[in-house]
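What's in protein14.csv: CSV, C-alpha atoms
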chain,number,residue,atom,x,y,z
B,187,MET,CA,4.4,2.5,22.2
B,188,SER,CA,2.4,0.1,24.0
B,189,LYS,CA,0.3,-2.7,22.6
B,190,ILE,CA,-2.7,-1.6,24.7
B,191,GLN,CA,-2.9,1.7,22.9
B,192,GLU,CA,-2.5,0.0,19.5
B,193,GLU,CA,-5.2,-2.6,20.2
B,194,LEU,CA,-7.7,0.0,21.5
B,195,LEU,CA,-7.1,2.4,18.8
B,196,GLN,CA,-7.0,-0.3,16.2
B,197,SER,CA,-4.0,0.9,14.3
B,198,LYS,CA,-0.3,1.5,14.8
B,199,GLY,CA,-0.4,4.4,12.4
B,200,ARG,CA,-3.0,6.2,14.4
B,201,VAL,CA,-1.1,5.8,17.6
B,202,LYS,CA,2.0,7.1,15.9
B,203,LEU,CA,0.2,10.1,14.4
B,204,LEU,CA,-1.5,11.0,17.7
B,205,LYS,CA,1.9,10.7,19.5
B,206,PHE,CA,3.4,13.0,17.0
B,207,LEU,CA,0.6,15.5,17.3
B,208,PHE,CA,0.7,15.6,21.1
B,209,ARG,CA,4.4,15.9,21.3
B,210,ASN,CA,4.7,18.6,18.6
B,211,GLY,CA,2.5,21.5,19.3
B,212,ASP,CA,2.5,23.4,16.0
B,213,SER,CA,0.6,22.8,12.8
B,214,HIS,CA,1.9,20.3,10.2
B,215,THR,CA,1.0,19.4,6.7
B,216,ILE,CA,0.1,15.8,5.9
B,217,LYS,CA,3.4,15.5,4.0
B,218,GLU,CA,5.4,16.6,7.0
B,219,MET,CA,3.6,14.3,9.3
B,220,SER,CA,4.0,11.3,7.0
B,221,GLN,CA,7.7,11.9,6.8
B,222,HIS,CA,8.1,12.2,10.5
B,223,ILE,CA,6.2,9.1,11.5
B,224,GLN,CA,7.3,7.0,8.5
B,225,GLU,CA,3.8,6.2,7.3
B,226,SER,CA,2.4,6.8,3.8
B,227,THR,CA,0.7,10.1,3.1
B,228,LYS,CA,-2.4,8.1,2.2
B,229,THR,CA,-2.6,6.6,5.7
B,230,VAL,CA,-1.9,9.9,7.4
B,231,ASN,CA,-4.5,11.6,5.2
B,232,SER,CA,-7.3,9.2,6.0
B,233,GLU,CA,-6.5,9.3,9.7
B,234,ILE,CA,-6.4,13.1,9.8
B,235,GLN,CA,-9.8,13.2,8.0
B,236,LYS,CA,-11.3,10.9,10.7
B,237,LEU,CA,-9.8,13.0,13.5
B,238,GLU,CA,-11.0,16.2,11.9
B,239,LYS,CA,-14.5,14.7,11.8
B,240,ILE,CA,-14.6,14.1,15.5
B,241,GLY,CA,-13.1,17.5,16.2
B,242,LEU,CA,-9.8,16.5,17.7
B,243,VAL,CA,-7.9,18.0,14.8
B,244,ILE,CA,-8.5,21.3,13.1
B,245,LYS,CA,-7.2,23.0,10.0
B,246,ALA,CA,-4.6,25.7,11.0
B,247,LYS,CA,-5.5,29.1,9.8
B,248,ASN,CA,-2.1,30.0,8.4
B,249,HIS,CA,-0.2,27.7,6.2
B,250,SER,CA,3.0,26.5,7.7
B,251,ASN,CA,6.1,27.5,5.6
B,252,LYS,CA,7.0,24.9,3.0
Q,628,MET,CA,-51.7,-4.5,-0.5
Q,629,ALA,CA,-50.2,-1.2,0.0
Q,630,LYS,CA,-49.2,-2.2,3.5
Q,631,LYS,CA,-47.5,-5.3,2.4
Q,632,THR,CA,-45.2,-3.5,-0.1
Q,633,LYS,CA,-44.4,-0.8,2.4
Q,634,ASN,CA,-42.8,-3.1,4.9
Q,635,PRO,CA,-40.0,-4.7,3.0
Q,636,THR,CA,-38.9,-1.4,1.4
Q,637,LYS,CA,-38.7,0.1,4.8
Q,638,SER,CA,-36.6,-2.6,6.3
Q,639,LYS,CA,-34.3,-2.6,3.3
Q,640,LYS,CA,-33.6,1.1,3.6
Q,641,LYS,CA,-32.9,1.4,7.3
Q,642,PRO,CA,-32.8,-1.4,9.8
Q,643,ILE,CA,-34.2,-0.1,13.1
Q,644,LYS,CA,-31.1,-1.0,15.1
Q,645,LYS,CA,-27.6,-0.6,13.8
Q,646,MET,CA,-26.5,-4.1,13.1
Q,647,VAL,CA,-23.0,-5.2,13.0
Q,648,ARG,CA,-22.0,-8.5,11.5
Q,649,LYS,CA,-21.3,-11.3,13.9
Q,650,SER,CA,-17.9,-11.9,12.5
Q,651,THR,CA,-16.8,-8.4,13.2
Q,652,VAL,CA,-18.0,-8.5,16.7
Q,653,SER,CA,-16.2,-11.7,17.5
Q,654,LYS,CA,-13.1,-10.5,15.8
Q,655,LYS,CA,-13.0,-7.3,17.8
Q,656,ALA,CA,-13.8,-9.1,21.0
Q,657,VAL,CA,-10.8,-11.3,20.9
Q,658,PRO,CA,-8.1,-8.6,21.5
Q,659,LEU,CA,-10.4,-6.9,24.1
Q,660,ARG,CA,-10.8,-10.2,25.9
Q,661,LYS,CA,-7.1,-10.5,26.0
Q,662,LYS,CA,-6.8,-7.2,27.8
Q,663,LYS,CA,-9.6,-8.3,30.1
Q,664,LEU,CA,-11.9,-5.5,29.1
Q,665,VAL,CA,-14.4,-8.0,27.9
Q,666,VAL,CA,-15.2,-11.2,29.7
Q,667,LYS,CA,-16.4,-14.3,28.0
Q,668,LYS,CA,-19.8,-15.4,29.0
Q,669,LYS,CA,-22.1,-18.2,28.0
Q,670,PRO,CA,-22.9,-18.2,24.3
Q,671,ILE,CA,-26.0,-16.4,23.4
Q,672,LYS,CA,-28.5,-17.9,21.0
Q,673,LYS,CA,-27.9,-16.9,17.4
Q,674,ILE,CA,-29.9,-14.1,15.8
Q,675,LYS,CA,-30.9,-16.1,12.8
Q,676,ALA,CA,-33.3,-14.3,10.6
Q,677,VAL,CA,-31.9,-10.8,10.7
Q,678,ALA,CA,-28.3,-11.9,10.2
Q,679,LYS,CA,-29.2,-14.0,7.1
Q,680,SER,CA,-31.1,-11.3,5.3
Q,681,LYS,CA,-28.3,-8.9,6.1
Q,682,SER,CA,-25.6,-11.0,4.7
Q,683,ARG,CA,-27.5,-11.6,1.5
Q,684,LYS,CA,-27.9,-7.9,1.0
Q,685,LYS,CA,-24.2,-7.4,1.5
Q,686,VAL,CA,-23.4,-9.7,-1.4
Q,687,VAL,CA,-25.7,-7.8,-3.7
Q,688,SER,CA,-24.2,-4.4,-2.8
Q,689,ARG,CA,-20.6,-5.8,-3.2
Q,690,SER,CA,-21.3,-6.8,-6.8
Q,691,ASN,CA,-21.9,-3.1,-7.6
Q,692,PRO,CA,-18.9,-1.1,-8.8
Q,693,LYS,CA,-17.1,0.4,-5.8
Q,694,PRO,CA,-17.2,4.1,-5.4
Q,695,LYS,CA,-13.8,5.5,-6.3
Q,696,LYS,CA,-11.6,6.4,-3.4
Q,697,ARG,CA,-10.7,9.9,-2.8
Q,698,SER,CA,-7.0,10.1,-2.2
Q,699,VAL,CA,-6.4,13.8,-2.8
Q,700,ILE,CA,-3.9,15.0,-0.4
Q,701,ASN,CA,-4.3,18.6,0.4
Q,702,ASP,CA,-1.8,21.2,1.5
Q,703,TYR,CA,-3.5,22.3,4.6
Q,704,ALA,CA,-1.7,22.3,7.8
Q,705,TYR,CA,-3.4,20.6,10.6
Q,706,MET,CA,-3.2,21.0,14.4
Q,707,LEU,CA,-4.8,19.6,17.5
Q,708,ASN,CA,-7.9,21.3,18.7
Q,709,LEU,CA,-7.0,22.3,22.2
Q,710,ASN,CA,-10.6,22.7,23.1
Q,711,PHE,CA,-11.4,19.1,22.4
Q,712,GLU,CA,-13.4,17.8,25.3
Q,713,LEU,CA,-11.3,14.7,26.0
Q,714,PHE,CA,-8.0,16.5,25.2
Q,715,ALA,CA,-6.2,16.0,28.5
Q,716,GLU,CA,-7.4,12.4,28.9
Q,717,LEU,CA,-6.4,11.4,25.4
Q,718,LYS,CA,-3.0,13.1,25.8
Q,719,ASN,CA,-2.3,11.1,29.0
Q,720,PHE,CA,-3.4,7.9,27.4
Q,721,ILE,CA,-1.4,8.4,24.2
Q,722,LEU,CA,1.8,9.6,25.8
Q,723,LYS,CA,1.8,7.1,28.7
Q,724,PRO,CA,5.2,5.4,28.6
Q,725,SER,CA,5.1,1.7,29.0
Q,726,PRO,CA,7.7,-0.9,30.0
Q,727,GLU,CA,6.9,-2.7,26.8
Q,728,GLU,CA,8.1,0.2,24.8
Q,729,LEU,CA,11.4,0.2,26.6
Q,730,ASP,CA,11.8,-3.6,26.1
Q,731,ARG,CA,11.3,-3.2,22.4
Q,732,LEU,CA,13.8,-0.3,22.4
Q,733,SER,CA,16.5,-2.2,24.1
Q,734,GLU,CA,15.9,-5.2,21.8
Q,735,LYS,CA,16.4,-2.9,18.8
Q,736,MET,CA,19.3,-1.2,20.3
Q,737,SER,CA,21.2,-4.4,20.9
Q,738,LYS,CA,21.1,-5.1,17.2
Q,739,ILE,CA,23.2,-2.1,16.1
Q,740,GLY,CA,26.4,-3.3,17.6
Q,741,ARG,CA,28.0,-4.7,20.8
Q,742,ILE,CA,26.3,-2.4,23.2
Q,743,LYS,CA,27.8,-2.0,26.7
Q,744,LEU,CA,25.5,0.6,28.1
Q,745,GLY,CA,22.2,1.9,27.0
Q,746,ILE,CA,20.5,4.6,28.9
Q,747,VAL,CA,17.2,6.4,28.3
Q,748,SER,CA,16.2,9.7,29.8
Q,749,GLY,CA,14.1,12.7,29.0
Q,750,ILE,CA,11.2,11.9,26.8
Q,751,PHE,CA,11.3,8.2,27.6
Q,752,LEU,CA,10.6,8.7,31.2
Q,753,SER,CA,7.2,9.1,32.8
Q,754,GLU,CA,5.3,12.3,33.3
Q,755,LYS,CA,6.7,13.3,36.6
Q,756,TYR,CA,10.2,13.6,35.2
Q,757,GLN,CA,9.2,15.5,32.1
Q,758,ASN,CA,9.9,18.9,33.6
Q,759,GLU,CA,13.3,18.0,34.9
Q,760,GLU,CA,16.1,19.0,32.6
Q,761,THR,CA,18.0,16.2,31.0
Q,762,VAL,CA,21.0,16.4,28.7
Q,763,THR,CA,20.0,13.7,26.3
Q,764,ASP,CA,17.2,11.2,25.6
Q,765,LEU,CA,19.2,8.3,24.5
Q,766,PHE,CA,22.8,7.4,25.4
Q,767,ILE,CA,24.7,4.5,24.0
Q,768,VAL,CA,28.1,3.1,24.7
Q,769,GLY,CA,29.2,0.3,22.5
Q,770,GLU,CA,31.8,-1.2,20.1
Q,771,ASP,CA,31.4,-2.0,16.4
Q,772,ILE,CA,28.4,0.2,16.0
Q,773,ASP,CA,27.2,0.1,12.4
Q,774,LYS,CA,26.5,3.7,11.3
Q,775,ARG,CA,23.8,2.8,8.9
Q,776,LYS,CA,22.0,0.6,11.4
Q,777,LEU,CA,22.4,3.3,14.0
Q,778,SER,CA,20.7,6.0,11.8
Q,779,ALA,CA,18.0,3.6,10.9
Q,780,PHE,CA,17.5,2.8,14.5
Q,781,ILE,CA,17.3,6.5,15.5
Q,782,LYS,CA,14.8,7.1,12.6
Q,783,SER,CA,12.5,4.4,13.7
Q,784,VAL,CA,12.7,5.5,17.3
Q,785,GLU,CA,11.8,9.0,16.2
Q,786,ALA,CA,8.9,7.7,14.2
Q,787,GLU,CA,7.6,5.8,17.2
Q,788,THR,CA,8.0,8.5,19.8
Q,789,GLY,CA,6.8,11.2,17.4
Q,790,THR,CA,9.5,13.7,18.1
Q,791,GLU,CA,13.2,14.4,17.7
Q,792,VAL,CA,15.3,12.3,19.9
Q,793,ARG,CA,18.5,13.7,21.4
Q,794,TYR,CA,21.1,11.0,21.5
Q,795,ALA,CA,24.8,10.5,22.1
Q,796,VAL,CA,26.9,7.5,21.1
Q,797,MET,CA,30.5,6.8,22.2
Q,798,ASP,CA,32.8,3.8,22.5
Q,799,LYS,CA,34.0,2.4,25.8
Q,800,ASP,CA,37.4,4.1,25.9
Q,801,GLU,CA,35.8,7.5,25.5
Q,802,PHE,CA,33.2,6.7,28.1
Q,803,ASP,CA,35.8,5.5,30.6
Q,804,TYR,CA,37.9,8.6,30.0
Q,805,ARG,CA,34.9,10.9,30.5
Q,806,TYR,CA,33.6,9.0,33.4
Q,807,GLY,CA,37.0,9.1,35.1
Q,808,MET,CA,37.4,12.8,34.7
Q,809,PHE,CA,33.9,13.6,35.9
Q,810,ASP,CA,32.7,14.9,32.6
Q,811,ARG,CA,29.7,17.2,33.0
Q,812,PHE,CA,27.6,15.5,30.4
Q,813,ILE,CA,28.0,12.0,31.9
Q,814,ARG,CA,27.6,13.3,35.4
Q,815,VAL,CA,24.4,15.2,34.7
Q,816,LEU,CA,23.0,12.1,32.9
Q,817,LEU,CA,23.8,9.6,35.6
Q,818,GLU,CA,22.8,11.8,38.4
Q,819,GLY,CA,19.5,12.9,36.9
Q,820,PRO,CA,16.5,10.7,36.3
Q,821,HIS,CA,17.4,8.0,33.9
Q,822,LYS,CA,16.8,4.3,33.2
Q,823,LYS,CA,19.5,1.8,32.2
Q,824,LEU,CA,18.2,-0.6,29.6
Q,825,ILE,CA,21.5,-2.4,29.0
Q,826,ASN,CA,24.3,-2.3,31.6
Q,827,LYS,CA,27.3,-4.5,31.0
Q,828,LEU,CA,29.7,-2.0,32.7
Q,829,ALA,CA,28.4,-2.7,36.2
Q,830,LEU,CA,27.6,1.0,36.9
Output the file's structure in the form of structure tokens.
Amino acid sequence: MSKIQEELLQSKGRVKLLKFLFRNGDSHTIKEMSQHIQESTKTVNSEIQKLEKIGLVIKAKNHSNK
Amino acid sequence: MAKKTKNPTKSKKKPIKKMVRKSTVSKKAVPLRKKKLVVKKKPIKKIKAVAKSKSRKKVVSRSNPKPKKRSVINDYAYMLNLNFELFAELKNFILKPSPEELDRLSEKMSKIGRIKLGIVSGIFLSEKYQNEETVTDLFIVGEDIDKRKLSAFIKSVEAETGTEVRYAVMDKDEFDYRYGMFDRFIRVLLEGPHKKLINKLAL
């Protein structure tokens, strides 16, 4: 991942999360995401909340299987 | 009298313009300047009065007990909103492969053993090759490869790329054998779109 994206988005975790989301189409829980991108659930959670606020991320209607 | 009391309360509640502290502005400007998005100009005169009153207010509010953080992690599943207005632009921006990324990758790769050949393909290539079929994303030929370091390496690569990485590792003898007998896997890999990060075999 490039430095330019990290600087512009202000966080490495955010870039990782967005990469993960764009590369994997389905819905994922916060736990799953944090495992995949090796960031804490806390980080992922706060990033997801921000992304949800601007409308880039939405809650999936059906829960993914646990 | 009434007018006099009205003014300060108003300014306390909501400043007319959104003010950002000077320190934050200068801090954010540095990385942007590096990327040449922001150009340095002659220094502007300081905004004295407003900045001062602002900073004083900040101290007062900090002494108050902080609101408790909400760190409740819910069980909802989230997905991208495909109707987001900047969806395509953002996707392009985020998934743009960069030479820097590959440099970092080869640096990491060289730490897991004596690497003779390191090839990337598939997801590591740029958009125009994404649709072409590739047999693997990461191909490593090397000696003395530490298994634990290898799995840690793959994990970190997967975390950074955000997806599963198909990979194959073999030693030099096996590679020579397969290369010599026109093994399909090697042939497809070397004939298809790929990039050699490490090449000590003079291929």
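Remark: for Val784 of chain Q, the closest of the candidate residues Q:Asn708, Q:Ser653, Q:Asn701, Q:Ser733 is Q:Ser733 (distances computed over only C-alpha atoms).
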Neighbours of chain B in chain Q at 9 Å, counting all atoms listed in the file, as a PyMOL selection string: chain Q and resi 658-659+662+698-714+718+720-729+731+782-783+785-790
One-decimal distance in Å that lies between atom CA of Ile742 of chain Q and atom CA of Lys827 of chain Q: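 Distance between the two atoms: 8.1 Å.
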Pairwise distance for atom CA of Leu824 of chain Q and atom CA of Lys799 of chain Q, rounded to one decimal in Å: 16.5 Å
Neighbour list for segment 764-777 of chain Q as a list of chain:residue names, cut-off 6 Å, only C-alpha atoms, skip fewer than 5 positions in-chain: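 Near neighbours after the sequence-gap exclusion: Q:Ile739, Q:Gly740, Q:Arg741, Q:Ile742, Q:Lys743, Q:Leu744, Q:Gly745, Q:Ile746, Q:Val747, Q:Ser748, Q:Gly749, Q:Arg793, Q:Tyr794, Q:Ala795, Q:Val796, Q:Met797, Q:Asp798.
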12 Å contact set for Glu818 of chain Q, all atoms listed in the file, chain neighbours under 5 positions out, as a list in words: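 In the requested form, the answer reads Ser748, Glu759, Glu760, Thr761, Val762, Phe809, Asp810, Arg811, Phe812, Ile813 and Leu830 of chain Q.
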Atom-to-atom span, atom CA of Asn758 of chain Q and atom CA of Asp730 of chain Q, Å: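 Taking atom CA of Asn758 of chain Q and atom CA of Asp730 of chain Q, their separation equals 23.8 Å.
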